[in-house]
Structures are given as structure tokens and as C-alpha cells.
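> structure_34.pdb is the file, holding PDB, C-alpha atoms:
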ATOM      1  CA  PRO A   4    -266.855 -94.616 146.076
ATOM      2  CA  LYS A   5    -266.900 -95.120 142.352
ATOM      3  CA  LYS A   6    -269.196 -92.739 140.520
ATOM      4  CA  LYS A   7    -271.918 -94.558 138.651
ATOM      5  CA  ASP A   8    -272.093 -94.027 134.941
ATOM      6  CA  HIS A   9    -275.096 -92.174 133.626
ATOM      7  CA  PRO A  10    -276.302 -91.981 130.007
ATOM      8  CA  GLN A  11    -275.959 -88.201 130.120
ATOM      9  CA  ASN A  12    -272.241 -88.587 130.837
ATOM     10  CA  CYS A  13    -271.575 -90.565 127.666
ATOM     11  CA  ILE A  14    -269.458 -88.693 125.133
ATOM     12  CA  LEU A  15    -269.300 -89.515 121.433
ATOM     13  CA  SER A  16    -266.266 -88.387 119.529
ATOM     14  CA  PRO A  17    -266.846 -86.083 116.518
ATOM     15  CA  SER A  18    -265.654 -88.834 114.186
ATOM     16  CA  ILE A  19    -268.337 -91.258 115.424
ATOM     17  CA  ILE A  20    -271.012 -88.551 115.195
ATOM     18  CA  SER A  21    -269.912 -87.766 111.614
ATOM     19  CA  SER A  22    -270.098 -91.478 110.712
ATOM     20  CA  LEU A  23    -273.613 -91.779 112.164
ATOM     21  CA  LYS A  24    -274.723 -88.722 110.159
ATOM     22  CA  THR A  25    -273.346 -90.270 106.951
ATOM     23  CA  THR A  26    -275.121 -93.578 107.606
ATOM     24  CA  THR A  27    -278.388 -91.784 108.363
ATOM     25  CA  MET A  28    -278.207 -89.782 105.116
ATOM     26  CA  LYS A  29    -277.652 -92.963 103.109
ATOM     27  CA  PHE A  30    -280.614 -94.574 104.888
ATOM     28  CA  VAL A  31    -282.916 -91.630 104.100
ATOM     29  CA  THR A  32    -281.737 -91.464 100.466
ATOM     30  CA  THR A  33    -282.437 -95.162  99.946
ATOM     31  CA  LEU A  34    -285.917 -94.949 101.487
ATOM     32  CA  THR A  35    -286.698 -92.009  99.212
ATOM     33  CA  LEU A  36    -285.618 -94.059  96.195
ATOM     34  CA  LEU A  37    -287.792 -96.994  97.264
ATOM     35  CA  ALA A  38    -290.812 -94.710  97.739
ATOM     36  CA  THR A  39    -290.315 -93.203  94.277
ATOM     37  CA  LEU A  40    -290.067 -96.603  92.637
ATOM     38  CA  ALA A  41    -293.178 -97.823  94.431
ATOM     39  CA  THR A  42    -295.252 -94.906  93.132
ATOM     40  CA  THR A  43    -294.077 -95.462  89.550
ATOM     41  CA  GLN A  44    -295.304 -99.073  89.382
ATOM     42  CA  GLY A  45    -291.961-100.462  90.507
ATOM     43  CA  PHE A  46    -293.673-102.868  92.933
ATOM     44  CA  THR A  47    -296.987-103.394  91.086
ATOM     45  CA  ALA A  48    -298.238-106.791  90.112
ATOM     46  CA  SER A  49    -299.907-105.603  86.913
ATOM     47  CA  THR A  50    -300.161-108.180  84.132
ATOM     48  CA  GLN A  51    -300.109-105.482  81.463
ATOM     49  CA  LYS A  52    -296.995-105.208  79.377
ATOM     50  CA  PRO A  53    -295.024-102.275  80.781
ATOM     51  CA  SER A  54    -293.984 -99.425  78.588
ATOM     52  CA  THR A  55    -290.340 -98.684  77.872
ATOM     53  CA  THR A  56    -290.422 -95.820  80.377
ATOM     54  CA  SER A  57    -291.926 -97.823  83.232
ATOM     55  CA  THR A  58    -289.604-100.750  82.540
ATOM     56  CA  ALA A  59    -286.609 -98.505  83.077
ATOM     57  CA  LEU A  60    -288.007 -97.453  86.447
ATOM     58  CA  GLN A  61    -288.944-100.931  87.657
ATOM     59  CA  VAL A  62    -286.865-102.749  90.236
ATOM     60  CA  SER A  63    -287.562-105.921  92.143
ATOM     61  CA  ARG A  64    -287.973-106.012  95.904
ATOM     62  CA  ARG A  65    -284.884-108.202  96.171
ATOM     63  CA  GLU A  66    -282.752-105.765  94.143
ATOM     64  CA  ALA A  67    -283.930-102.778  96.169
ATOM     65  CA  LEU A  68    -283.303-104.475  99.511
ATOM     66  CA  SER A  69    -279.949-105.735  98.284
ATOM     67  CA  THR A  70    -278.923-102.190  97.354
ATOM     68  CA  PHE A  71    -280.131-100.897 100.701
ATOM     69  CA  GLY A  72    -278.200-103.604 102.555
ATOM     70  CA  ALA A  73    -275.044-102.859 100.623
ATOM     71  CA  LEU A  74    -275.249 -99.187 101.584
ATOM     72  CA  ILE A  75    -275.612-100.016 105.272
ATOM     73  CA  VAL A  76    -272.746-102.520 105.224
ATOM     74  CA  ALA A  77    -270.510-100.105 103.334
ATOM     75  CA  ALA A  78    -271.167 -97.310 105.805
ATOM     76  CA  PRO A  79    -268.443 -97.287 108.480
ATOM     77  CA  THR A  80    -269.439 -97.720 112.110
ATOM     78  CA  ALA A  81    -266.567 -95.500 113.255
ATOM     79  CA  ALA A  82    -264.243 -93.355 111.214
ATOM     80  CA  ASN A  83    -260.577 -92.985 112.119
ATOM     81  CA  ALA A  84    -260.273 -89.557 110.542
ATOM     82  CA  ILE A  85    -260.987 -86.601 112.804
ATOM     83  CA  ALA A  86    -263.419 -83.996 111.519
ATOM     84  CA  ALA A  87    -261.529 -80.990 110.167
ATOM     85  CA  CYS A  88    -261.558 -77.683 111.983
ATOM     86  CA  PRO A  89    -264.130 -75.228 110.563
ATOM     87  CA  PRO A  90    -262.707 -72.938 107.837
ATOM     88  CA  GLY A  91    -261.195 -69.818 109.328
ATOM     89  CA  SER A  92    -261.556 -71.111 112.878
ATOM     90  CA  ASN A  93    -259.639 -69.199 115.550
ATOM     91  CA  ASN A  94    -260.203 -71.714 118.323
ATOM     92  CA  CYS A  95    -259.355 -75.048 116.721
ATOM     93  CA  VAL A  96    -255.992 -76.560 115.756
ATOM     94  CA  GLN A  97    -255.363 -79.830 113.937
ATOM     95  CA  GLN A  98    -252.085 -81.715 113.489
ATOM     96  CA  THR A  99    -250.843 -85.126 112.399
ATOM     97  CA  TRP A 100    -247.935 -86.904 114.086
ATOM     98  CA  THR A 101    -246.194 -90.039 112.830
ATOM     99  CA  PRO A 102    -243.855 -92.286 114.842
ATOM    100  CA  PRO A 103    -240.638 -93.686 113.349
ATOM    101  CA  ALA A 104    -241.262 -96.499 110.863
ATOM    102  CA  SER A 105    -239.520 -99.011 113.130
ATOM    103  CA  THR A 106    -241.885 -98.285 116.036
ATOM    104  CA  SER A 107    -244.418-100.992 116.829
ATOM    105  CA  SER A 108    -248.054-100.103 117.318
ATOM    106  CA  ALA A 109    -247.875-100.882 121.031
ATOM    107  CA  ASP A 110    -244.765 -98.727 121.498
ATOM    108  CA  ALA A 111    -246.309 -95.865 119.513
ATOM    109  CA  ILE A 112    -249.393 -95.899 121.737
ATOM    110  CA  SER A 113    -247.219 -96.004 124.851
ATOM    111  CA  GLN A 114    -245.121 -93.059 123.642
ATOM    112  CA  LEU A 115    -248.246 -91.125 122.760
ATOM    113  CA  ARG A 116    -249.711 -91.603 126.219
ATOM    114  CA  ASP A 117    -246.416 -90.596 127.823
ATOM    115  CA  ALA A 118    -246.219 -87.425 125.733
ATOM    116  CA  ILE A 119    -249.698 -86.288 126.716
ATOM    117  CA  GLY A 120    -249.161 -87.393 130.308
ATOM    118  CA  SER A 121    -246.058 -85.204 130.509
ATOM    119  CA  TYR A 122    -248.256 -82.130 130.135
ATOM    120  CA  PRO A 123    -248.237 -80.294 133.490
ATOM    121  CA  GLN A 124    -251.500 -80.458 135.432
ATOM    122  CA  GLY A 125    -250.873 -76.874 136.515
ATOM    123  CA  GLY A 126    -250.792 -75.784 132.886
ATOM    124  CA  GLN A 127    -248.259 -73.569 131.138
ATOM    125  CA  GLU A 128    -247.011 -70.051 131.837
ATOM    126  CA  GLY A 129    -247.853 -70.230 135.499
ATOM    127  CA  GLY A 130    -251.408 -71.398 134.889
ATOM    128  CA  LYS A 131    -252.285 -68.838 132.230
ATOM    129  CA  ILE A 132    -252.778 -71.773 129.840
ATOM    130  CA  ASP A 133    -254.790 -74.748 131.122
ATOM    131  CA  GLY A 134    -254.538 -73.583 134.718
ATOM    132  CA  GLY A 135    -257.538 -75.742 135.619
ATOM    133  CA  GLY A 136    -255.766 -78.965 134.677
ATOM    134  CA  TYR A 137    -256.995 -81.741 132.406
ATOM    135  CA  THR A 138    -258.875 -85.039 132.624
ATOM    136  CA  LEU A 139    -258.785 -88.197 130.525
ATOM    137  CA  ILE A 140    -262.315 -88.878 129.293
ATOM    138  CA  THR A 141    -261.816 -91.827 126.944
ATOM    139  CA  ASP A 142    -258.887 -94.083 126.017
ATOM    140  CA  ASN A 143    -259.638 -96.709 123.372
ATOM    141  CA  LEU A 144    -256.242 -96.719 121.649
ATOM    142  CA  ASP A 145    -255.678-100.408 122.409
ATOM    143  CA  ALA A 146    -258.876-101.201 120.497
ATOM    144  CA  SER A 147    -257.889 -99.047 117.493
ATOM    145  CA  GLY A 148    -259.996 -96.218 118.860
ATOM    146  CA  GLY A 149    -258.982 -92.813 120.103
ATOM    147  CA  LEU A 150    -258.229 -90.613 123.074
ATOM    148  CA  VAL A 151    -260.368 -87.803 124.434
ATOM    149  CA  TYR A 152    -259.050 -85.316 126.995
ATOM    150  CA  GLU A 153    -260.772 -82.357 128.585
ATOM    151  CA  PHE A 154    -258.610 -79.302 129.339
ATOM    152  CA  ARG A 155    -259.777 -76.414 131.511
ATOM    153  CA  SER A 156    -258.675 -72.843 132.084
ATOM    154  CA  SER A 157    -258.273 -71.597 135.632
ATOM    155  CA  GLY A 158    -261.468 -69.579 135.468
ATOM    156  CA  LYS A 159    -259.637 -66.695 137.109
ATOM    157  CA  GLY A 160    -259.012 -64.666 133.976
ATOM    158  CA  THR A 161    -260.876 -61.532 133.002
ATOM    159  CA  PHE A 162    -262.695 -63.176 130.083
ATOM    160  CA  ALA A 163    -263.830 -66.103 132.240
ATOM    161  CA  LYS A 164    -265.224 -63.672 134.799
ATOM    162  CA  LEU A 165    -266.914 -61.403 132.270
ATOM    163  CA  PHE A 166    -268.203 -63.916 129.730
ATOM    164  CA  ASN A 167    -268.323 -67.304 131.473
ATOM    165  CA  GLY A 168    -269.555 -66.517 134.958
ATOM    166  CA  GLY A 169    -266.140 -67.132 136.467
ATOM    167  CA  LYS A 170    -266.229 -70.745 135.305
ATOM    168  CA  PRO A 171    -263.276 -72.347 133.476
ATOM    169  CA  PHE A 172    -263.309 -72.435 129.691
ATOM    170  CA  VAL A 173    -263.246 -76.033 128.474
ATOM    171  CA  ASP A 174    -261.301 -77.362 125.481
ATOM    172  CA  ASP A 175    -261.339 -80.851 123.979
ATOM    173  CA  LEU A 176    -258.268 -82.726 122.773
ATOM    174  CA  ILE A 177    -259.068 -85.658 120.502
ATOM    175  CA  VAL A 178    -256.461 -88.099 119.189
ATOM    176  CA  GLU A 179    -257.239 -90.894 116.753
ATOM    177  CA  PRO A 180    -255.094 -93.305 114.753
ATOM    178  CA  ASN A 181    -255.147 -92.953 110.977
ATOM    179  CA  GLY A 182    -253.007 -95.608 109.378
ATOM    180  CA  SER A 183    -249.541 -95.415 110.913
ATOM    181  CA  ALA A 184    -250.088 -91.807 111.988
ATOM    182  CA  PHE A 185    -252.143 -90.152 114.700
ATOM    183  CA  GLU A 186    -254.414 -87.170 114.153
ATOM    184  CA  PHE A 187    -254.749 -84.487 116.837
ATOM    185  CA  ARG A 188    -257.560 -81.964 117.145
ATOM    186  CA  SER A 189    -257.621 -79.431 119.964
ATOM    187  CA  SER A 190    -260.615 -77.098 120.043
ATOM    188  CA  SER A 191    -262.545 -74.790 122.352
ATOM    189  CA  ARG A 192    -266.178 -75.467 123.122
ATOM    190  CA  VAL A 193    -267.194 -71.815 123.249
ATOM    191  CA  GLY A 194    -265.935 -68.492 121.984
ATOM    192  CA  ASP A 195    -264.552 -67.283 118.686
ATOM    193  CA  SER A 196    -260.886 -67.040 119.662
ATOM    194  CA  ASP A 197    -258.753 -69.099 122.034
ATOM    195  CA  PHE A 198    -255.877 -66.574 122.190
ATOM    196  CA  GLY A 199    -253.447 -69.292 121.065
ATOM    197  CA  VAL A 200    -254.231 -71.776 123.836
ATOM    198  CA  ASN A 201    -254.941 -74.784 121.597
ATOM    199  CA  LYS A 202    -251.811 -74.140 119.543
ATOM    200  CA  ALA A 203    -249.664 -73.856 122.680
ATOM    201  CA  ARG A 204    -251.122 -77.089 124.031
ATOM    202  CA  LEU A 205    -250.354 -79.071 120.888
ATOM    203  CA  ALA A 206    -246.914 -77.453 120.660
ATOM    204  CA  PHE A 207    -246.004 -78.796 124.104
ATOM    205  CA  ILE A 208    -247.227 -82.305 123.280
ATOM    206  CA  GLY A 209    -245.606 -82.140 119.838
ATOM    207  CA  ASN A 210    -242.227 -81.236 121.309
ATOM    208  CA  SER A 211    -242.440 -84.279 123.548
ATOM    209  CA  LEU A 212    -243.248 -86.519 120.577
ATOM    210  CA  GLN A 213    -240.479 -84.938 118.511
ATOM    211  CA  GLU A 214    -237.969 -85.871 121.203
ATOM    212  CA  LYS A 215    -239.068 -89.480 120.686
ATOM    213  CA  GLY A 216    -238.368 -89.253 116.946
ATOM    214  CA  TRP A 217    -241.901 -88.504 115.750
ATOM    215  CA  THR A 218    -242.552 -86.174 112.834
ATOM    216  CA  GLY A 219    -245.408 -83.679 112.700
ATOM    217  CA  ALA A 220    -247.406 -82.077 109.935
TER
END
Let me see whether you can do it: turn the structure in this file into C-alpha cells.


Amino acid sequence: PKKKDHPQNCILSPSIISSLKTTTMKFVTTLTLLATLATTQGFTASTQKPSTTSTALQVSRREALSTFGALIVAAPTAANAIAACPPGSNNCVQQTWTPPASTSSADAISQLRDAIGSYPQGGQEGGKIDGGGYTLITDNLDASGGLVYEFRSSGKGTFAKLFNGGKPFVDDLIVEPNGSAFEFRSSSRVGDSDFGVNKARLAFIGNSLQEKGWTGA
């Protein structure tokens, strides 16, 4: 039977979360400005002739609301640029891959899916890398969105047993279009070092894309 969706199972990509944070900050900044103007006679109905100082601070309700509306409209609802890996991170790798100029958008998306799909479910190096397989979480490429995959270790390694209760370590692979290119970000959810797992994962996928004529950076 099909598993019912539950709000707790919803996953927002880092790019969407970053966009929401930016919009929220603009909202708070604008409200602060409106509050300041209101306390400095910006919205008063006084008939007295305002001084030069107060005149400079005054703003009409329409102007304030117009500015606020412009900020909200200008704020993106979803960014296509993946958040950068933290400086000095040892468990996050980011790359950009671009298909040949003659490749259509539909063909590029198809090739991208094929490249990731060619990754062995049993992982690499006999299961030492991604021995727990991987799962597609989100695929919105056809709607100019991104891909989200969840990769898991086997959970049989020494570190998993000692530091993770014998449970698999989980990594996230996020792919989003950015112009004609596609940005990749592979990162571990926990730990300080991934022992090269994220790099090896992207190397495998990158080799597959390179065989199709893509260029990486």
C-alpha cells in the first residue's frame, strides 16, 4: 500500500530555506523602519508646520507600504543557487557541471538522471562507500526545480558502531539548475569528516556526465 504523506516527512532544500530566511529578514527590517517612522511623527496628523528634521523623516503610508510591497515582490520564492559548503568543511563537496551547448534542456535533464541512476545501489568499493544504497527524495527538474537524493552507509563500519549506534550515516545529494549549468552539493548530516565519501560519490557521477560530453568545475 502507498505510504501516506505526513507533514513531518516534508523536506525543504537548503536553497528554499535560504530564500525564506532572506525574505523574513527583509520583512523584519521593513517593519522596524515603519515603527521608527511612526515614533518620529511620520504618521502624525499634526497641523503644525514640521521642522526640517522631521520633514526628512516623514513618509506617507502609501510610500511605506509601496516600499514594503516592493521588497516582498523582489524577494525570490526559490533560489536556484545551492548554498555553499561551510568554509573549511571536511564533509561537504560542491561542483558545477554543464552540458554541451547543443544539448536541449530536456536532454540535459534526461542525461543527468541517467548519470545519477547509474550509481550502484550497492555502493562503491564493495560497499565501503554508500553500502546502504540511496533513495530519490525529490525530483522537480521538469519544473525548473532540483533533485534531492539520500545516500546511506552500510552501518557496519567501526565508526557507525562506535558513534552512530550501528545505524547508517546519511548524506544528502542536492542538484539544482543554475542557468545552463547544474550545481551539485553532496554533504554529510553528521560528523566533522566524511573520509572522502562525498568526493568519491560526485567523482563517480561526474565521470558518467563527462562521458556524455559535460564539463565540470

> Between CA of Lys131 (chain A) and CA of Gly91 (chain A), what distance in Å does the model show, to one decimal?

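Interatomic distance, CA of Lys131 (chain A) to CA of Gly91 (chain A): 24.6 Å.
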
> Using all atoms listed in the file, list the residues that have an atom at most 10 Å from (-247.4, -94.4, 115.4), coordinates as in the file, as a list in words.

Trp100, Thr101, Pro102, Pro103, Ala104, Ser105, Thr106, Ser107, Ser108, Ala109, Asp110, Ala111, Ile112, Ser113, Gln114, Leu115, Pro180, Asn181, Gly182, Ser183, Ala184, Phe185, Trp217 and Thr218 of chain A

> Work out how far apart CA of Gln124 (chain A) and CA of Gly136 (chain A) are and give it in Å to one decimal.

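Atom-to-atom, CA of Gln124 (chain A) to CA of Gly136 (chain A), that is 4.6 Å.
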
> Can you turn the PyMOL selection byres ((chain A and resi 139-151) around 7) into a concrete residue list for this file, as a list in words?

Ile112, Tyr137, Thr138, Tyr152, Glu153, Leu176, Ile177, Val178, Glu179 and Pro180 of chain A

> As a check of understanding, name the residues that the PyMOL selection byres ((chain A and resi 98) around 8) selects in the supplied structure, as a PyMOL selection string.

chain A and resi 96-97+99-100+186-188+219-220

> Give as a list in words the residues that the PyMOL selection byres ((chain A and resi 155) around 9) matches when applied to the coordinates above.

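Selected by the PyMOL selection byres ((chain A and resi 155) around 9) here: Ile132, Asp133, Gly134, Gly135, Gly136, Tyr137, Thr138, Glu153, Phe154, Ser156, Ser157, Gly158, Pro171, Phe172, Val173, Asp174 and Asp175 of chain A.
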
> Go ahead and compute the interatomic distance for CA of Gly216 (chain A) and CA of Ala203 (chain A), in Å to one decimal.

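That distance, rounded to one decimal, is 19.9 Å.
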